Amino acid sequence: MNRAATNAIALANDPAICDLRSDTVTRPDAAMREAMANAAVGDDVYGDDPSVIALEAHASQLLGKEQAVLLATGTQSNLAAMLAHCQRGEEIITGTGYHVLASEAAGASVLGGIAFQPVAVAPDGSVSPDAITAAIKPDDPHSPISRLVCLENTHKGLAIPLAAMQAASRAARAGGLSVHLDGARLLNATRALQIKPAELAATADTISVCLSKGLGAPAGTLLIGSGELVGRARRWRKMLGGGMRQAGIIAAAGLYALENNVERLGDDHRRAGALAKHLQEIEAGDPEHPARHATNMVFLTATEAEHQALRRAMADEGVLLGGQSRLIRIVLHKDIDDAKFDRVCGAFSNFYRR
Ligand SMILES: *Cc1c(COP(=O)(O)O)cnc(C)c1O
């Protein structure tokens with residue numbers, strides 16, 4: 001192994017490190033590992049893994065839909081959903097910068113022959129019903145067939161209000177389109193909006209929810225929807241190489257997460273709010289763009305002159321920051337407790353010498 005890789009592993013395993021790059025860095029804790037070790041398992045491709053069955057039943061009930069299927073990742077779940085909804089030559093209308101369009105290597109186009117039609121994203125993270133209506137194509141041999149609208153919530157940490165989601169969904173359905181919701185952080189959204197997960201899920205035909213982000217499971221994403229759509233996604237999952245056998249080991253972690261780690265998402269939101277306030281108080285970053293927070297994320301715009309030095313200085317204090325170039329993304333999660341949170345605030349104060 002090369003030295004850089006060895007160093008990276010040593011760094012990531014240092015318990016003192018405050019890794020704020022993403023909530024995907026959360027590790028299974030002792031209680032979750034115990035649940036995994038004790039999980040009853042079967043062969044999920046044969047449909048007889050009791051832990052997977054229990055997790056899927058829990059998820060479909062939580063979101064008020066008929067069925068759920070456990071997939072390996074959020075990308076695989078979104079892809080299986082898009083392939084379940086659309087045929088070759090059809091298109092998906094979605095927000096510019098939404099994950100399915102910007103961050104999933106165009107899998108639906110590459111593997112499914114499905115086109116993407118981007119529409120503008122409003123400052124609150126939503127796509128407007130008018131933009132959706134305007135993007136839906138007439139039935140004309142020159143055009144792909146508009147089939148699906150992909151929504152996202154949270155988007156860049158923003159919990160998009162229920163009314164905006166409902167309006168977008170109504171516009172899609174009025175045009176005869178189905179709706180998929182990329183709810184990788186759906187439970188952060190419903191927590192911030194103080195609504196039931198099923199209320200948000202009602203705006204979509206299929207919903208994808210990641211277990212591996214703020215919920216703290218090591219892997220796994222649930223796709224939830226009608227029996228028909230989930231059945232089709234299950235076939236795609238197999239074709240995509242995602243039919244895992246004793247997946248109960250992973251499902252047990254997911255079930256543990258849904259039973260124990262949902263309420264505590266509020267702690268991450270509270271700390272994100274407190275960090276944004278601290279950064280404003282010490283006047284960190286570009287004065288024209290004060291730090292702001294959205295659910296469990298904080299966004300700090302550093303000046304062009306300082307952003308590299310900031311990242312280096314913070315890393316020297318064991319604090320790893322996310323995002324690219326000037327726009328620094330700081331994600332609060334389960335493995336950042338109050339003690340680590342105080343260290344993070346202190347490290348920023350030290351850099352800005354305030
Ligand atoms: C993380 C994420 C995904 C994909 O999840 P992976 O498990 O990393 O493939 C999809 N959508 C959104 C909005 C995400 O944040």
# chains A, B, ... in the order shown; residues from 1 in each chain; ligands from 1
>>> residues_near_ligand(ligand="ligand 1", cutoff="9 Å", atoms="only C-alpha atoms and all ligand atoms", output="number ranges by chain")
A: 24, 72-78, 98-100, 103-104, 152-157, 182-185, 208-213, 219-221
>>> residues_around(residues="region 286-293 of chain A", least_positions_apart="3", cutoff="9 Å", atoms="only C-alpha atoms", output="compact mmCIF listing (two decimals) with all heavy atoms, in the first residue's frame")
# COMPACT_ATOMS: atom_id res chain seq x y z
N GLY A 157 -29.02 19.94 1.91
CA GLY A 157 -29.40 20.17 3.32
C GLY A 157 -30.72 20.86 3.50
O GLY A 157 -31.28 20.85 4.60
N LEU A 158 -31.25 21.47 2.45
CA LEU A 158 -32.51 22.23 2.59
C LEU A 158 -33.70 21.28 2.70
O LEU A 158 -33.89 20.43 1.82
CB LEU A 158 -32.71 23.16 1.39
CG LEU A 158 -31.72 24.31 1.25
CD1 LEU A 158 -31.75 24.86 -0.18
CD2 LEU A 158 -32.05 25.41 2.25
N HIS A 269 -29.11 18.72 13.74
CA HIS A 269 -29.68 19.99 13.24
C HIS A 269 -29.38 21.12 14.23
O HIS A 269 -29.02 22.23 13.83
CB HIS A 269 -31.18 19.85 13.03
CG HIS A 269 -31.57 18.81 12.00
ND1 HIS A 269 -32.87 18.59 11.61
CD2 HIS A 269 -30.81 17.92 11.28
CE1 HIS A 269 -32.90 17.62 10.69
NE2 HIS A 269 -31.67 17.20 10.50
N ALA A 272 -25.75 22.04 13.97
CA ALA A 272 -25.49 22.77 12.72
C ALA A 272 -25.90 24.24 12.88
O ALA A 272 -25.18 25.15 12.47
CB ALA A 272 -26.23 22.12 11.55
N GLY A 273 -27.05 24.45 13.50
CA GLY A 273 -27.52 25.82 13.74
C GLY A 273 -26.54 26.58 14.64
O GLY A 273 -26.21 27.74 14.38
N ALA A 274 -26.05 25.89 15.69
CA ALA A 274 -25.13 26.54 16.63
C ALA A 274 -23.80 26.85 15.95
O ALA A 274 -23.19 27.91 16.21
CB ALA A 274 -24.92 25.63 17.84
N LEU A 275 -23.34 25.96 15.07
CA LEU A 275 -22.06 26.21 14.39
C LEU A 275 -22.18 27.39 13.42
O LEU A 275 -21.29 28.24 13.36
CB LEU A 275 -21.58 24.95 13.65
CG LEU A 275 -20.27 25.11 12.87
CD1 LEU A 275 -19.13 25.54 13.79
CD2 LEU A 275 -19.90 23.82 12.13
N ALA A 276 -23.29 27.45 12.70
CA ALA A 276 -23.48 28.59 11.77
C ALA A 276 -23.47 29.90 12.55
O ALA A 276 -22.87 30.89 12.12
CB ALA A 276 -24.79 28.42 11.00
N LYS A 277 -24.12 29.89 13.71
CA LYS A 277 -24.17 31.09 14.55
C LYS A 277 -22.76 31.46 15.02
O LYS A 277 -22.37 32.64 14.96
CB LYS A 277 -25.09 30.80 15.75
CG LYS A 277 -25.44 31.99 16.59
CD LYS A 277 -26.76 31.74 17.35
CE LYS A 277 -27.00 32.79 18.40
NZ LYS A 277 -26.28 32.47 19.67
N HIS A 278 -22.01 30.45 15.46
CA HIS A 278 -20.63 30.69 15.91
C HIS A 278 -19.79 31.30 14.78
O HIS A 278 -19.05 32.27 14.99
CB HIS A 278 -20.02 29.38 16.40
CG HIS A 278 -18.57 29.49 16.79
ND1 HIS A 278 -18.15 30.12 17.95
CD2 HIS A 278 -17.43 29.07 16.16
CE1 HIS A 278 -16.83 30.08 18.01
NE2 HIS A 278 -16.37 29.45 16.94
N LEU A 279 -19.92 30.75 13.58
CA LEU A 279 -19.13 31.24 12.44
C LEU A 279 -19.53 32.68 12.09
O LEU A 279 -18.67 33.49 11.72
CB LEU A 279 -19.31 30.32 11.23
CG LEU A 279 -18.70 28.91 11.39
CD1 LEU A 279 -19.13 28.00 10.25
CD2 LEU A 279 -17.18 28.98 11.49
N GLN A 280 -20.81 32.99 12.25
CA GLN A 280 -21.23 34.38 12.02
C GLN A 280 -20.65 35.30 13.09
O GLN A 280 -20.18 36.40 12.78
CB GLN A 280 -22.77 34.47 12.03
CG GLN A 280 -23.41 33.90 10.77
CD GLN A 280 -24.93 33.75 10.92
OE1 GLN A 280 -25.53 34.27 11.85
NE2 GLN A 280 -25.54 33.04 9.99
N GLU A 283 -17.23 36.14 12.53
CA GLU A 283 -17.14 36.73 11.20
C GLU A 283 -16.21 35.92 10.30
O GLU A 283 -15.32 36.48 9.64
CB GLU A 283 -16.73 38.20 11.30
CG GLU A 283 -17.81 39.03 11.99
CD GLU A 283 -17.37 40.47 12.28
OE1 GLU A 283 -16.30 40.89 11.80
OE2 GLU A 283 -18.12 41.16 12.98
N ASN A 296 -28.74 19.28 8.74
CA ASN A 296 -27.48 18.92 9.42
C ASN A 296 -26.24 19.46 8.73
O ASN A 296 -25.14 19.01 8.99
CB ASN A 296 -27.37 17.38 9.55
CG ASN A 296 -27.26 16.67 8.20
OD1 ASN A 296 -27.78 17.14 7.21
ND2 ASN A 296 -26.58 15.54 8.18
N MET A 297 -26.43 20.42 7.81
CA MET A 297 -25.28 20.94 7.07
C MET A 297 -25.06 22.42 7.34
O MET A 297 -26.02 23.17 7.53
CB MET A 297 -25.48 20.75 5.56
CG MET A 297 -25.59 19.30 5.17
SD MET A 297 -25.73 19.12 3.39
CE MET A 297 -26.12 17.36 3.31
N VAL A 298 -23.78 22.81 7.32
CA VAL A 298 -23.41 24.22 7.42
C VAL A 298 -22.59 24.56 6.17
O VAL A 298 -21.73 23.78 5.77
CB VAL A 298 -22.57 24.50 8.69
CG1 VAL A 298 -22.15 25.96 8.75
CG2 VAL A 298 -23.34 24.10 9.94
N PHE A 299 -22.89 25.71 5.58
CA PHE A 299 -22.15 26.14 4.40
C PHE A 299 -21.41 27.43 4.75
O PHE A 299 -22.01 28.41 5.18
CB PHE A 299 -23.08 26.35 3.21
CG PHE A 299 -23.70 25.06 2.75
CD1 PHE A 299 -24.94 24.65 3.24
CD2 PHE A 299 -23.03 24.24 1.86
CE1 PHE A 299 -25.50 23.44 2.84
CE2 PHE A 299 -23.58 23.03 1.45
CZ PHE A 299 -24.82 22.63 1.94
N LEU A 300 -20.09 27.39 4.56
CA LEU A 300 -19.25 28.56 4.82
C LEU A 300 -18.54 28.91 3.52
O LEU A 300 -17.89 28.05 2.91
CB LEU A 300 -18.22 28.21 5.90
CG LEU A 300 -17.16 29.29 6.16
CD1 LEU A 300 -17.79 30.53 6.80
CD2 LEU A 300 -16.04 28.76 7.04
N THR A 301 -18.69 30.14 3.08
CA THR A 301 -17.96 30.59 1.90
C THR A 301 -16.68 31.28 2.36
O THR A 301 -16.74 32.38 2.92
CB THR A 301 -18.82 31.56 1.06
OG1 THR A 301 -20.09 30.96 0.82
CG2 THR A 301 -18.15 31.87 -0.27
N ALA A 302 -15.55 30.60 2.18
CA ALA A 302 -14.27 31.19 2.57
C ALA A 302 -13.85 32.16 1.46
O ALA A 302 -14.33 32.08 0.34
CB ALA A 302 -13.23 30.10 2.75
N THR A 303 -12.94 33.08 1.79
CA THR A 303 -12.44 33.96 0.72
C THR A 303 -11.50 33.15 -0.17
O THR A 303 -10.96 32.13 0.24
CB THR A 303 -11.68 35.16 1.31
OG1 THR A 303 -10.54 34.66 2.01
CG2 THR A 303 -12.55 35.97 2.24
N GLU A 304 -11.32 33.65 -1.40
CA GLU A 304 -10.44 32.97 -2.35
C GLU A 304 -9.03 32.84 -1.75
O GLU A 304 -8.37 31.81 -1.91
CB GLU A 304 -10.41 33.79 -3.66
CG GLU A 304 -9.87 33.06 -4.85
CD GLU A 304 -10.60 31.76 -5.17
OE1 GLU A 304 -11.85 31.78 -5.27
OE2 GLU A 304 -9.93 30.72 -5.30
>>> closest_residue(among="A:Leu222, A:Leu327, A:Ala31, A:Ala315", to="Leu70 (chain A)", atoms="only C-alpha atoms")
A:Leu222
>>> decode(residues="region 342-353 of chain A", atoms="all heavy atoms", output="short mmCIF file (atom, residue, chain, number, x, y, z; two decimals), in the first residue's frame")
data_model
loop_
_atom_site.label_atom_id
_atom_site.label_comp_id
_atom_site.auth_asym_id
_atom_site.auth_seq_id
_atom_site.Cartn_x
_atom_site.Cartn_y
_atom_site.Cartn_z
N ASP A 342 -17.37 21.15 20.34
CA ASP A 342 -16.65 22.28 20.94
C ASP A 342 -15.25 22.41 20.33
O ASP A 342 -14.76 23.53 20.11
CB ASP A 342 -16.54 22.08 22.47
CG ASP A 342 -17.90 22.26 23.15
OD1 ASP A 342 -18.82 22.80 22.50
OD2 ASP A 342 -18.03 21.83 24.32
N ARG A 343 -14.61 21.27 20.04
CA ARG A 343 -13.29 21.33 19.40
C ARG A 343 -13.37 21.96 18.01
O ARG A 343 -12.49 22.72 17.61
CB ARG A 343 -12.69 19.93 19.30
CG ARG A 343 -11.97 19.51 20.58
CD ARG A 343 -11.22 18.20 20.38
NE ARG A 343 -10.53 18.15 19.11
CZ ARG A 343 -10.43 17.06 18.36
NH1 ARG A 343 -10.99 15.94 18.75
NH2 ARG A 343 -9.77 17.10 17.21
N VAL A 344 -14.44 21.63 17.29
CA VAL A 344 -14.62 22.19 15.95
C VAL A 344 -14.76 23.71 16.04
O VAL A 344 -14.09 24.46 15.32
CB VAL A 344 -15.85 21.56 15.25
CG1 VAL A 344 -16.18 22.30 13.96
CG2 VAL A 344 -15.61 20.07 14.98
N CYS A 345 -15.62 24.16 16.95
CA CYS A 345 -15.82 25.61 17.12
C CYS A 345 -14.49 26.28 17.50
O CYS A 345 -14.15 27.35 16.97
CB CYS A 345 -16.87 25.89 18.19
SG CYS A 345 -18.53 25.42 17.68
N GLY A 346 -13.74 25.63 18.42
CA GLY A 346 -12.46 26.18 18.87
C GLY A 346 -11.46 26.27 17.72
O GLY A 346 -10.72 27.26 17.60
N ALA A 347 -11.44 25.25 16.86
CA ALA A 347 -10.50 25.25 15.73
C ALA A 347 -10.80 26.40 14.76
O ALA A 347 -9.89 27.06 14.27
CB ALA A 347 -10.55 23.91 15.01
N PHE A 348 -12.09 26.65 14.52
CA PHE A 348 -12.44 27.80 13.67
C PHE A 348 -12.02 29.11 14.34
O PHE A 348 -11.47 30.00 13.68
CB PHE A 348 -13.95 27.82 13.37
CG PHE A 348 -14.36 26.95 12.21
CD1 PHE A 348 -15.12 25.81 12.41
CD2 PHE A 348 -14.00 27.29 10.90
CE1 PHE A 348 -15.51 25.01 11.34
CE2 PHE A 348 -14.38 26.50 9.83
CZ PHE A 348 -15.14 25.35 10.05
N SER A 349 -12.27 29.22 15.64
CA SER A 349 -11.89 30.44 16.36
C SER A 349 -10.38 30.66 16.26
O SER A 349 -9.92 31.79 16.05
CB SER A 349 -12.29 30.35 17.84
OG SER A 349 -13.67 30.26 17.97
N ASN A 350 -9.62 29.56 16.41
CA ASN A 350 -8.16 29.68 16.33
C ASN A 350 -7.72 30.18 14.96
O ASN A 350 -6.86 31.05 14.86
CB ASN A 350 -7.49 28.32 16.59
CG ASN A 350 -7.61 27.92 18.05
OD1 ASN A 350 -7.93 28.75 18.91
ND2 ASN A 350 -7.35 26.65 18.33
N PHE A 351 -8.32 29.63 13.92
CA PHE A 351 -7.91 30.05 12.57
C PHE A 351 -8.20 31.52 12.35
O PHE A 351 -7.38 32.26 11.82
CB PHE A 351 -8.62 29.22 11.50
CG PHE A 351 -8.22 29.62 10.11
CD1 PHE A 351 -7.02 29.17 9.55
CD2 PHE A 351 -9.02 30.46 9.35
CE1 PHE A 351 -6.64 29.57 8.27
CE2 PHE A 351 -8.65 30.86 8.06
CZ PHE A 351 -7.44 30.40 7.52
N TYR A 352 -9.36 31.92 12.78
CA TYR A 352 -9.73 33.33 12.56
C TYR A 352 -9.22 34.24 13.70
O TYR A 352 -9.49 35.43 13.70
CB TYR A 352 -11.24 33.46 12.35
CG TYR A 352 -11.68 32.93 11.00
CD1 TYR A 352 -12.29 31.68 10.88
CD2 TYR A 352 -11.43 33.65 9.84
CE1 TYR A 352 -12.65 31.18 9.62
CE2 TYR A 352 -11.80 33.16 8.58
CZ TYR A 352 -12.40 31.93 8.48
OH TYR A 352 -12.75 31.44 7.25
N ARG A 353 -8.50 33.61 14.69
CA ARG A 353 -7.86 34.32 15.82
C ARG A 353 -8.84 35.23 16.55
O ARG A 353 -8.55 36.40 16.80
CB ARG A 353 -6.68 35.17 15.33
CG ARG A 353 -5.65 34.42 14.53
CD ARG A 353 -4.28 34.38 15.24
NE ARG A 353 -3.32 33.60 14.49
CZ ARG A 353 -3.18 32.25 14.63
NH1 ARG A 353 -3.90 31.58 15.49
NH2 ARG A 353 -2.29 31.60 13.91
#
